[in-house]
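Engineer: Sharing my_file-v6.txt below, compact mmCIF, C-alpha atoms:
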```txt
# COMPACT_ATOMS: atom_id res chain seq x y z
CA MET A 1 0.00 0.00 0.00
CA ASN A 2 1.30 3.43 -0.93
CA ARG A 3 1.32 5.31 2.38
CA ASP A 4 1.67 8.71 0.74
CA HIS A 5 -1.71 8.49 -0.93
CA LEU A 6 -4.46 5.95 -1.34
CA SER A 7 -4.52 3.96 -4.55
CA ALA A 8 -7.58 4.09 -6.81
CA TRP A 9 -8.53 0.62 -5.62
CA GLU A 10 -8.40 1.74 -1.97
CA GLN A 11 -10.50 4.79 -2.77
CA ASP A 12 -13.02 2.52 -4.49
CA GLU A 13 -13.08 0.27 -1.45
CA TYR A 14 -14.03 3.27 0.65
CA ILE A 15 -16.77 4.26 -1.84
CA LEU A 16 -18.10 0.71 -1.76
CA GLU A 17 -18.18 0.90 2.04
CA GLN A 18 -15.51 -1.77 2.27
CA GLY A 19 -12.77 0.49 3.58
CA THR A 20 -10.36 -0.82 6.18
CA PRO A 21 -9.51 1.23 9.31
CA ASP A 22 -6.21 2.18 7.64
CA ILE A 23 -8.04 3.64 4.64
CA LEU A 24 -10.46 5.53 6.89
CA ARG A 25 -7.61 6.91 8.96
CA HIS A 26 -5.72 8.00 5.88
CA LEU A 27 -8.76 9.80 4.50
CA THR A 28 -9.19 11.78 7.68
CA GLU A 29 -5.59 12.90 7.49
CA CYS A 30 -5.01 13.36 3.74
CA SER A 31 -6.99 16.17 2.16
CA GLU A 32 -5.82 15.30 -1.35
CA CYS A 33 -7.15 11.74 -1.18
CA ARG A 34 -10.32 12.98 0.50
CA ALA A 35 -10.87 15.48 -2.31
CA SER A 36 -10.35 12.78 -4.92
CA VAL A 37 -12.86 10.48 -3.27
CA GLU A 38 -15.38 13.27 -2.80
CA ARG A 39 -15.08 14.29 -6.44
CA LEU A 40 -15.94 10.80 -7.56
CA GLN A 41 -18.75 10.52 -5.05
CA GLU A 42 -20.19 13.83 -6.18
CA GLY A 43 -20.12 12.73 -9.79
CA ILE A 44 -21.94 9.54 -8.96
CA ALA A 45 -24.44 11.36 -6.73
CA CYS A 46 -25.08 13.84 -9.53
CA PHE A 47 -25.69 10.96 -11.92
CA ARG A 48 -28.03 9.27 -9.47
CA SER A 49 -30.03 12.40 -8.83
CA ALA A 50 -30.44 13.14 -12.53
CA ALA A 51 -31.27 9.52 -13.29
CA MET A 52 -33.96 9.45 -10.61
CA ASP A 53 -35.49 12.68 -11.92
CA TRP A 54 -35.36 11.56 -15.53
CA SER A 55 -36.94 8.22 -14.69
CA ALA A 56 -39.68 9.87 -12.62
CA GLU A 57 -40.46 12.28 -15.46
CA CYS A 58 -40.57 9.53 -18.05
CA LEU A 59 -42.85 7.52 -15.85
CA ALA A 60 -45.11 10.51 -15.22
CA GLU A 61 -45.44 11.11 -18.96
CA ARG A 62 -46.65 7.57 -19.45
CA PRO A 63 -50.31 6.73 -19.01
CA THR A 64 -51.31 5.73 -15.54
CA GLN A 65 -50.24 2.32 -14.49
CA LYS A 66 -51.89 -0.24 -16.62
CA GLN A 67 -53.88 -2.68 -14.68
CA PHE A 68 -52.72 -6.09 -15.59
CA GLN A 69 -55.61 -8.08 -16.78
CA PHE A 70 -54.89 -11.70 -16.97
CA VAL A 71 -57.19 -13.00 -19.60
CA PRO A 72 -57.86 -16.65 -18.99
CA ARG A 73 -56.01 -18.78 -21.38
CA ARG A 74 -57.82 -19.51 -24.57
CA VAL A 75 -59.82 -22.69 -24.82
CA SER A 76 -57.41 -24.07 -27.38
CA HIS A 77 -54.58 -23.60 -24.89
CA ALA A 78 -56.48 -25.23 -22.11
CA LEU A 79 -57.63 -28.12 -24.23
CA ARG A 80 -54.26 -28.73 -25.82
CA TRP A 81 -53.42 -31.51 -23.39
CA VAL A 82 -56.88 -32.97 -23.66
CA PHE A 83 -56.43 -33.28 -27.42
CA ALA A 84 -53.01 -34.77 -26.91
CA ALA A 85 -54.45 -37.34 -24.53
CA LEU A 86 -57.25 -38.15 -26.94
CA ILE A 87 -54.93 -39.19 -29.77
CA PRO A 88 -53.59 -42.38 -28.15
CA LEU A 89 -57.08 -43.14 -26.92
CA LEU A 90 -58.40 -42.84 -30.45
CA LEU A 91 -55.63 -45.07 -31.76
CA LEU A 92 -56.46 -47.65 -29.12
CA VAL A 93 -60.14 -47.61 -30.06
CA LEU A 94 -59.25 -47.98 -33.73
CA THR A 95 -57.01 -50.96 -33.11
CA LEU A 96 -59.63 -52.60 -30.92
CA THR A 97 -62.26 -52.19 -33.60
CA LEU A 98 -59.99 -53.51 -36.34
CA ILE A 99 -58.62 -56.59 -34.55
CA PRO A 100 -62.02 -58.30 -34.02
CA SER A 101 -62.78 -57.89 -37.74
CA HIS A 102 -59.70 -59.99 -38.50
CA ARG A 103 -60.70 -62.52 -35.91
CA SER A 104 -64.27 -62.77 -37.21
CA THR A 105 -63.17 -64.31 -40.52
CA PRO A 106 -63.41 -68.08 -40.12
CA PRO A 107 -60.06 -69.75 -39.96
CA GLN A 108 -59.14 -71.81 -42.98
CA PRO A 109 -59.21 -75.57 -42.28
CA VAL A 110 -55.70 -76.81 -42.15
CA ALA A 111 -55.24 -80.28 -43.45
CA GLN A 112 -53.84 -82.38 -40.74
CA LEU A 113 -51.57 -84.73 -42.60
CA SER A 114 -49.23 -87.21 -41.11
CA ASP A 115 -45.52 -87.22 -41.94
CA ASP A 116 -45.73 -90.47 -43.93
CA GLU A 117 -48.53 -89.15 -46.11
CA LEU A 118 -46.56 -85.98 -46.80
CA ILE A 119 -43.46 -88.00 -47.80
CA ASN A 120 -45.57 -90.15 -50.09
CA GLN A 121 -47.01 -87.01 -51.70
CA VAL A 122 -43.54 -85.65 -52.27
CA ASP A 123 -42.36 -88.96 -53.79
CA GLU A 124 -45.30 -88.99 -56.16
CA GLN A 125 -44.64 -85.44 -57.23
CA VAL A 126 -40.96 -86.18 -57.81
CA ALA A 127 -41.80 -89.34 -59.71
CA ILE A 128 -44.30 -87.54 -61.94
CA GLU A 129 -42.25 -84.48 -62.66
CA VAL A 130 -39.65 -86.09 -64.89
CA PRO A 131 -39.02 -84.06 -68.01
CA SER A 132 -40.54 -85.58 -71.17
CA SER A 133 -37.15 -85.79 -72.88
CA MET A 134 -35.95 -88.16 -70.12
CA GLU A 135 -38.98 -90.40 -69.98
CA SER A 136 -37.34 -93.07 -72.16
CA LEU A 137 -34.47 -93.28 -69.69
CA THR A 138 -36.83 -93.94 -66.85
CA HIS A 139 -38.27 -96.93 -68.72
CA LEU A 140 -34.85 -98.34 -69.24
CA VAL A 141 -33.86 -97.89 -65.64
CA SER A 142 -37.08 -99.43 -64.42
CA ALA A 143 -36.73 -102.40 -66.85
CA GLU A 144 -33.19 -103.02 -65.69
CA GLY A 145 -34.22 -102.76 -62.16
CA ASN A 146 -36.93 -105.35 -62.72
CA SER A 147 -34.60 -107.91 -64.35
CA GLY A 148 -32.26 -107.66 -61.40
CA THR A 149 -29.16 -108.43 -63.48
CA GLY A 150 -26.39 -106.18 -64.81
CA THR A 151 -24.39 -103.46 -63.24
CA PRO A 152 -25.06 -99.75 -63.68
CA ALA A 153 -22.03 -99.58 -65.95
CA ALA A 154 -23.44 -102.26 -68.25
CA GLY A 155 -26.78 -100.44 -68.25
CA SER A 156 -25.12 -97.26 -69.35
CA LYS A 157 -23.34 -99.06 -72.18
CA ARG A 158 -26.68 -100.35 -73.43
CA LEU A 159 -28.15 -96.90 -73.27
CA VAL A 160 -25.33 -95.56 -75.48
CA GLN A 161 -25.89 -98.33 -77.99
CA ASN A 162 -29.64 -97.72 -78.11
CA ASN A 163 -29.11 -94.01 -78.72
CA MET B 1 -31.52 -27.87 21.81
CA GLU B 2 -29.40 -27.37 18.74
CA ALA B 3 -31.92 -29.20 16.62
CA SER B 4 -34.73 -26.89 17.68
CA GLU B 5 -32.94 -23.75 16.56
CA PRO B 6 -33.64 -24.10 12.83
CA LEU B 7 -37.30 -24.72 13.62
CA ILE B 8 -37.51 -21.51 15.59
CA TYR B 9 -35.71 -19.76 12.77
CA ALA B 10 -38.15 -21.20 10.22
CA ARG B 11 -41.11 -20.13 12.33
CA GLU B 12 -39.73 -16.63 12.56
CA LEU B 13 -39.20 -16.55 8.82
CA SER B 14 -42.56 -17.93 7.82
CA PRO B 15 -44.59 -14.74 8.37
CA VAL B 16 -42.08 -12.83 6.25
CA ARG B 17 -42.29 -15.44 3.54
CA ASP B 18 -46.06 -15.51 3.74
CA ARG B 19 -46.08 -11.77 3.28
CA MET B 20 -43.80 -12.08 0.25
CA PHE B 21 -45.97 -14.77 -1.33
CA ALA B 22 -49.07 -12.69 -0.67
CA GLU B 23 -47.33 -9.72 -2.25
CA LEU B 24 -46.68 -11.72 -5.41
CA ASP B 25 -50.28 -12.85 -5.64
CA ASP B 26 -51.56 -9.28 -5.81
CA ILE B 27 -50.28 -8.04 -9.14
CA ASP B 28 -51.66 -4.51 -8.77
CA THR B 29 -49.99 -3.94 -5.42
CA LEU B 30 -46.81 -5.50 -6.75
CA CYS B 31 -46.74 -3.06 -9.65
CA ALA B 32 -47.58 -0.10 -7.48
CA THR B 33 -44.73 -0.95 -5.13
CA TYR B 34 -41.95 -1.86 -7.55
CA ARG B 35 -42.86 -0.34 -10.91
CA SER B 36 -40.86 2.84 -10.57
CA ARG B 37 -37.81 0.94 -9.41
CA ILE B 38 -37.88 -1.65 -12.20
CA TYR B 39 -38.69 0.99 -14.79
CA ARG B 40 -35.77 3.15 -13.66
CA TYR B 41 -33.38 0.23 -13.82
CA ALA B 42 -34.62 -0.70 -17.29
CA LEU B 43 -34.57 2.92 -18.47
CA LEU B 44 -31.02 3.55 -17.35
CA SER B 45 -29.86 0.25 -18.78
CA LEU B 46 -31.56 0.60 -22.15
CA ARG B 47 -31.95 4.41 -22.33
CA ASP B 48 -35.15 4.00 -24.25
CA PRO B 49 -38.40 4.92 -22.44
CA ASP B 50 -40.61 2.74 -24.63
CA LEU B 51 -38.39 -0.28 -24.43
CA ALA B 52 -38.02 0.24 -20.69
CA GLU B 53 -41.80 0.28 -20.35
CA ASN B 54 -42.05 -2.98 -22.31
CA VAL B 55 -39.41 -4.59 -20.15
CA THR B 56 -41.18 -3.41 -17.00
CA GLN B 57 -44.52 -4.81 -18.13
CA ASP B 58 -42.94 -8.05 -19.20
CA CYS B 59 -41.10 -8.30 -15.91
CA PHE B 60 -44.29 -8.11 -13.85
CA LEU B 61 -46.12 -10.49 -16.13
CA ARG B 62 -43.34 -13.04 -15.89
CA ALA B 63 -43.08 -12.60 -12.16
CA TYR B 64 -46.80 -13.14 -11.76
CA ARG B 65 -46.85 -16.20 -13.96
CA ALA B 66 -43.77 -17.69 -12.32
CA ARG B 67 -44.76 -16.77 -8.76
CA GLY B 68 -45.03 -20.46 -7.96
CA GLU B 69 -41.29 -20.78 -8.54
CA PHE B 70 -40.45 -18.06 -6.02
CA ARG B 71 -38.91 -19.82 -3.02
CA GLY B 72 -38.61 -16.80 -0.78
CA ASP B 73 -34.84 -17.08 -0.39
CA CYS B 74 -34.43 -13.46 -1.46
CA SER B 75 -36.61 -10.36 -1.35
CA VAL B 76 -39.30 -9.75 -3.94
CA ALA B 77 -37.38 -6.69 -5.13
CA THR B 78 -34.27 -8.79 -5.73
CA TRP B 79 -36.29 -11.43 -7.55
CA LEU B 80 -37.93 -8.82 -9.77
CA THR B 81 -34.54 -7.25 -10.43
CA ARG B 82 -33.25 -10.63 -11.51
CA ILE B 83 -36.11 -11.06 -13.98
CA ALA B 84 -35.60 -7.51 -15.24
CA THR B 85 -31.86 -8.13 -15.66
CA ASN B 86 -32.56 -11.15 -17.86
CA LEU B 87 -35.10 -9.21 -19.92
CA ILE B 88 -32.73 -6.28 -20.35
CA ARG B 89 -29.97 -8.63 -21.46
CA ASP B 90 -32.31 -10.24 -23.98
CA SER B 91 -33.38 -6.82 -25.26
CA THR B 92 -29.83 -5.56 -25.71
CA ARG B 93 -28.95 -8.72 -27.62
CA SER B 94 -31.75 -8.29 -30.13
CA ARG B 95 -30.84 -7.04 -33.54
CA LYS B 96 -33.53 -4.40 -33.42
CA PHE B 97 -32.00 -2.88 -30.31
CA GLN B 98 -28.53 -2.92 -31.83
CA PHE B 99 -29.83 -1.09 -34.87
CA TRP B 100 -31.60 1.64 -32.93
CA LYS B 101 -28.71 1.95 -30.53
CA SER B 102 -26.33 2.59 -33.39
CA ALA B 103 -28.76 5.04 -34.98
CA ASN B 104 -29.44 7.07 -31.84
CA THR B 105 -27.11 9.41 -30.09
CA SER B 106 -27.26 10.14 -26.41
CA ALA B 107 -26.65 13.86 -26.86
CA VAL B 108 -30.31 14.71 -26.38
CA GLU B 109 -30.54 12.61 -23.25
CA ILE B 110 -27.49 14.24 -21.72
CA SER B 111 -28.70 17.75 -22.42
CA ALA B 112 -32.16 16.87 -21.15
CA MET B 113 -30.68 15.45 -17.99
CA ALA B 114 -28.22 18.28 -17.57
CA GLU B 115 -31.09 20.77 -17.49
CA ARG B 116 -32.44 19.01 -14.46
CA ILE B 117 -29.18 19.60 -12.67
CA ALA B 118 -29.77 23.33 -12.61
CA ALA B 119 -31.16 23.68 -9.15
CA PRO B 120 -32.59 27.03 -8.10
CA GLY B 121 -30.37 28.93 -5.71
CA THR B 122 -27.09 27.48 -6.94
CA SER B 123 -24.56 29.55 -8.82
CA PRO B 124 -24.16 29.19 -12.60
CA GLU B 125 -20.58 28.01 -12.07
CA THR B 126 -21.70 25.22 -9.74
CA ASN B 127 -24.37 24.20 -12.23
CA LEU B 128 -21.83 24.17 -15.03
CA VAL B 129 -19.46 21.96 -13.06
CA ALA B 130 -22.30 19.65 -12.12
CA ARG B 131 -23.39 19.40 -15.76
CA GLU B 132 -19.89 18.59 -16.86
CA GLN B 133 -19.56 15.94 -14.21
CA LEU B 134 -22.90 14.46 -15.13
CA GLY B 135 -22.02 14.35 -18.82
CA LYS B 136 -18.79 12.55 -18.07
CA VAL B 137 -20.36 9.99 -15.77
CA TRP B 138 -23.24 9.50 -18.18
CA ASP B 139 -20.85 8.81 -21.05
CA ALA B 140 -18.73 6.50 -18.95
CA VAL B 141 -21.73 4.49 -17.78
CA GLU B 142 -23.01 4.19 -21.33
CA THR B 143 -19.75 2.71 -22.54
CA LEU B 144 -19.55 0.17 -19.72
CA PRO B 145 -20.02 -3.47 -20.67
CA GLY B 146 -23.46 -4.91 -19.84
CA LYS B 147 -22.71 -6.57 -16.51
CA GLN B 148 -20.55 -3.72 -15.24
CA ARG B 149 -23.28 -1.24 -16.11
CA SER B 150 -25.98 -3.31 -14.40
CA VAL B 151 -23.89 -3.74 -11.28
CA PHE B 152 -23.01 -0.03 -11.24
CA LEU B 153 -26.66 0.99 -11.57
CA LEU B 154 -27.85 -1.42 -8.92
CA ARG B 155 -25.19 -0.23 -6.48
CA PHE B 156 -25.15 3.50 -7.05
CA VAL B 157 -28.67 4.25 -8.26
CA GLU B 158 -30.75 1.57 -6.54
CA GLU B 159 -28.33 1.49 -3.60
CA MET B 160 -28.46 -2.27 -3.25
CA GLU B 161 -26.03 -4.14 -1.05
CA LEU B 162 -23.39 -6.33 -2.69
CA PRO B 163 -25.00 -9.66 -1.67
CA GLU B 164 -28.35 -8.42 -3.01
CA ILE B 165 -26.73 -7.48 -6.33
CA ALA B 166 -25.03 -10.87 -6.42
CA ALA B 167 -28.40 -12.58 -5.93
CA ALA B 168 -30.08 -10.41 -8.55
CA MET B 169 -27.35 -10.94 -11.11
CA GLY B 170 -26.65 -14.57 -10.33
CA LEU B 171 -23.00 -13.79 -9.58
CA HIS B 172 -20.66 -14.26 -6.66
CA VAL B 173 -20.12 -11.29 -4.37
CA GLY B 174 -16.46 -11.23 -5.34
CA THR B 175 -17.38 -11.00 -9.01
CA VAL B 176 -19.79 -8.17 -8.28
CA LYS B 177 -17.06 -6.33 -6.42
CA SER B 178 -14.68 -6.86 -9.29
CA HIS B 179 -17.22 -5.44 -11.77
CA LEU B 180 -17.76 -2.45 -9.49
CA HIS B 181 -14.04 -1.72 -9.25
CA ARG B 182 -13.76 -1.79 -13.04
CA ALA B 183 -16.81 0.39 -13.46
CA LEU B 184 -15.50 2.91 -10.95
CA ALA B 185 -12.12 2.94 -12.66
CA ALA B 186 -13.85 3.75 -15.96
CA VAL B 187 -15.92 6.51 -14.36
CA ARG B 188 -12.88 7.99 -12.63
CA LYS B 189 -10.92 7.92 -15.87
CA ALA B 190 -13.75 9.65 -17.71
CA MET B 191 -14.02 12.32 -15.03
CA GLU B 192 -10.32 13.05 -15.12
CA LYS B 193 -10.10 12.96 -18.91
CA LYS B 194 -11.32 16.39 -19.92
CA LYS B 195 -9.83 18.31 -17.06
```
Write out the structure in this file as structure tokens.
Structural biologist:
Amino acid sequence: MNRDHLSAWEQDEYILEQGTPDILRHLTECSECRASVERLQEGIACFRSAAMDWSAECLAERPTQKQFQFVPRRVSHALRWVFAALIPLLLLVLTLTLIPSHRSTPPQPVAQLSDDELINQVDEQVAIEVPSSMESLTHLVSAEGNSGTGTPAAGSKRLVQNN
Amino acid sequence: MEASEPLIYARELSPVRDRMFAELDDIDTLCATYRSRIYRYALLSLRDPDLAENVTQDCFLRAYRARGEFRGDCSVATWLTRIATNLIRDSTRSRKFQFWKSANTSAVEISAMAERIAAPGTSPETNLVAREQLGKVWDAVETLPGKQRSVFLLRFVEEMELPEIAAAMGLHVGTVKSHLHRALAAVRKAMEKKK
């Protein structure tokens, strides 16, 4: 701390009513510092006074204090949440009305077939669906199978000769 | 015995809080009590009577609508000041305000205010000095950054205590003090400038 005179910060501390006893003592003794502080205080006081007057005049020029009238919120505002709550309710009703319509259609009778019957059906289908160009081969194979003689290699040789 | 102390304290506080809550419920009384104060703060911050009026109206409307959020941990005046501070900050950030601020000059305001300084019975020299001082402080305050200006106005015009300003501005007391020191330094510099 400069003991000759108060620093600006110390003067501000006094103005802000935060002055230490040292600052207060110095101000009582030092006329120069006291004058500096008073000058600043006067400037601020002048500003305050003028500001108060100006504000009061501006306020007086304005129409008398408007009474705040709190209009009740519009119906749309009040019912906003009701509408929002209605949407899921509506969806629920719609789904409930639609689901029974699906259920009302009589279920198609499902043929209860055993595994053996299904396999037989598949065999028949496979047996039938031989391309027409290969039908002659099936006869040969079946004939050979019936005779019970000859190897598959011999059968194939005969097929080549026939062709 | 120690446990009963807060209860006693709460009981003592409750009538004060009740009074504050009742004050907030009556919008007309609330306006009658605090309008001039909030308007002045808005006017000096924005330096626009119309905008200050809008901010004041908006402040009371918001306070009334949000009165349920008031916890009573500060005075009604401080709470209103806090709302006003937020509204003023929003206004100064708007593009419209920036435009009009750049278009307007404060010369008229200063001269209009300086005329009010002339008190009957004082010498012309004293009036002249007072006008000069006012002009300098006025200019300095105008050029202060937003928070410094608000803190300066709340301390030296509204004469609020530092903790009250801290509560109203949502700042720490130390930060408020720091802003005040900077603001005072700017004012001092402006006053010494044209000597």
Engineer: How far is it from CA of His181 (chain B) to CA of Arg37 (chain B), in Å with one decimal?
Structural biologist: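 Atom-to-atom, CA of His181 (chain B) to CA of Arg37 (chain B), that is 23.9 Å.
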Engineer: Kindly give the distance, in Å, that separates CA of Tyr41 (chain B) and CA of Val173 (chain B), rounded to a single decimal.
Structural biologist: 19.9 Å
Engineer: Which is closer to chain A than all the others in B:Ile27, B:Thr78, B:Ile83, B:Ile38, using all atoms listed in the file?
Structural biologist: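 Closest to chain A, using all atoms listed in the file: B:Ile27.
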Engineer: Find the spatial neighbours of Arg40 (chain B), counting all atoms listed in the file, within a cut-off of 8 Å - ignore same-chain residues fewer than 6 positions away - and output them as a PyMOL selection string.
Structural biologist: (chain A and resi 51-52+55-56) or (chain B and resi 52)
Engineer: Within 7 Å of chain A, which residues of chain B show up? Give each one with its shortest atom-to-atom distance in Å (one decimal) and the two atoms involved, counting only C-alpha atoms, rows by chain then rising residue number, as a Markdown table.
Structural biologist:
```
| residue | atom | partner | partner_atom | distance |
| --- | --- | --- | --- | --- |
| B:Asp28 | CA | A:Gln67 | CA | 6.6 |
| B:Arg40 | CA | A:Ser55 | CA | 5.3 |
| B:Leu43 | CA | A:Ser55 | CA | 6.9 |
| B:Pro49 | CA | A:Cys58 | CA | 6.7 |
| B:Met113 | CA | A:Ala50 | CA | 5.9 |
| B:Arg116 | CA | A:Ala50 | CA | 6.5 |
| B:Ile117 | CA | A:Ala50 | CA | 6.6 |
| B:Ala130 | CA | A:Cys46 | CA | 6.9 |
| B:Gln133 | CA | A:Gly43 | CA | 5.5 |
| B:Leu134 | CA | A:Phe47 | CA | 5.5 |
| B:Val137 | CA | A:Gly43 | CA | 6.6 |
| B:Trp138 | CA | A:Phe47 | CA | 6.9 |
| B:Phe156 | CA | A:Arg48 | CA | 6.9 |
| B:Val157 | CA | A:Arg48 | CA | 5.2 |
| B:His181 | CA | A:Asp12 | CA | 6.5 |
| B:Leu184 | CA | A:Asp12 | CA | 6.9 |
| B:Arg188 | CA | A:Leu40 | CA | 6.6 |
```
Engineer: Edge lengths and centre, in Å to one decimal, as lines of an AutoDock Vina configuration file: that's what I need for the box along x, y and z that holds all listed atoms of region 16-35 of chain B plus 4 Å on each side.
Structural biologist:
```
center_x = -46.8
center_y = -7.8
center_z = -2.3
size_x = 17.7
size_y = 23.4
size_z = 25.2
```
Engineer: Do a neighbour search on Leu171 (chain B) at 12 Å with all atoms listed in the file, toss out local chain neighbours closer than 6 positions, and write the hits as a list in words.
Structural biologist: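 What passes the distance filter is Arg82, Lys147, Gln148, Ser150, Val151, Leu162, Pro163, Glu164, Ile165, Lys177, Ser178 and His179 of chain B.
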Engineer: So how far away is CA of Glu23 (chain B) from CA of Gly72 (chain B), in Å?
Structural biologist: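 Taking CA of Gly72 (chain B) and CA of Glu23 (chain B), their separation equals 11.3 Å.
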Engineer: Which neighbours of Phe70 (chain B) fall inside 9 Å, counting only C-alpha atoms, when residues of the same chain fewer than 3 positions from it are skipped, and could you give them as a list of chain:residue names?
Structural biologist: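 Close residues of Phe70 (chain B): B:Phe21, B:Leu24, B:Ala63, B:Ala66, B:Arg67, B:Asp73, B:Cys74, B:Val76, B:Trp79.
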Engineer: Near Thr56 (chain B), within 9 Å and counting all atoms listed in the file, which residues show up once chain neighbours fewer than 3 positions away are dropped, as an NGL selection string?
Structural biologist: :B and (35-36 or 38-39 or 42 or 51-53 or 59-61 or 84 or 87)
Engineer: Could you give me, as a PyMOL selection string, the residues within 12 Å of Asp22 (chain A), counting only C-alpha atoms and dropping anything in the same chain fewer than 4 positions from it?
Structural biologist: chain A and resi 1-3+5-6+10-11+13-14+18+26-30
Engineer: Export, as a PDB file, in the frame of the given file, the selected residues with C-alpha atoms.
Structural biologist:
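Here's the written file out00.pdb:
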```pdb
ATOM      1  CA  MET A   1       0.000   0.000   0.000  1.00  0.00           C
ATOM      2  CA  ASN A   2       1.300   3.430  -0.930  1.00  0.00           C
ATOM      3  CA  ARG A   3       1.320   5.310   2.380  1.00  0.00           C
ATOM      4  CA  HIS A   5      -1.710   8.490  -0.930  1.00  0.00           C
ATOM      5  CA  LEU A   6      -4.460   5.950  -1.340  1.00  0.00           C
ATOM      6  CA  GLU A  10      -8.400   1.740  -1.970  1.00  0.00           C
ATOM      7  CA  GLN A  11     -10.500   4.790  -2.770  1.00  0.00           C
ATOM      8  CA  GLU A  13     -13.080   0.270  -1.450  1.00  0.00           C
ATOM      9  CA  TYR A  14     -14.030   3.270   0.650  1.00  0.00           C
ATOM     10  CA  GLN A  18     -15.510  -1.770   2.270  1.00  0.00           C
ATOM     11  CA  HIS A  26      -5.720   8.000   5.880  1.00  0.00           C
ATOM     12  CA  LEU A  27      -8.760   9.800   4.500  1.00  0.00           C
ATOM     13  CA  THR A  28      -9.190  11.780   7.680  1.00  0.00           C
ATOM     14  CA  GLU A  29      -5.590  12.900   7.490  1.00  0.00           C
ATOM     15  CA  CYS A  30      -5.010  13.360   3.740  1.00  0.00           C
TER      16      CYS A  30
END
```
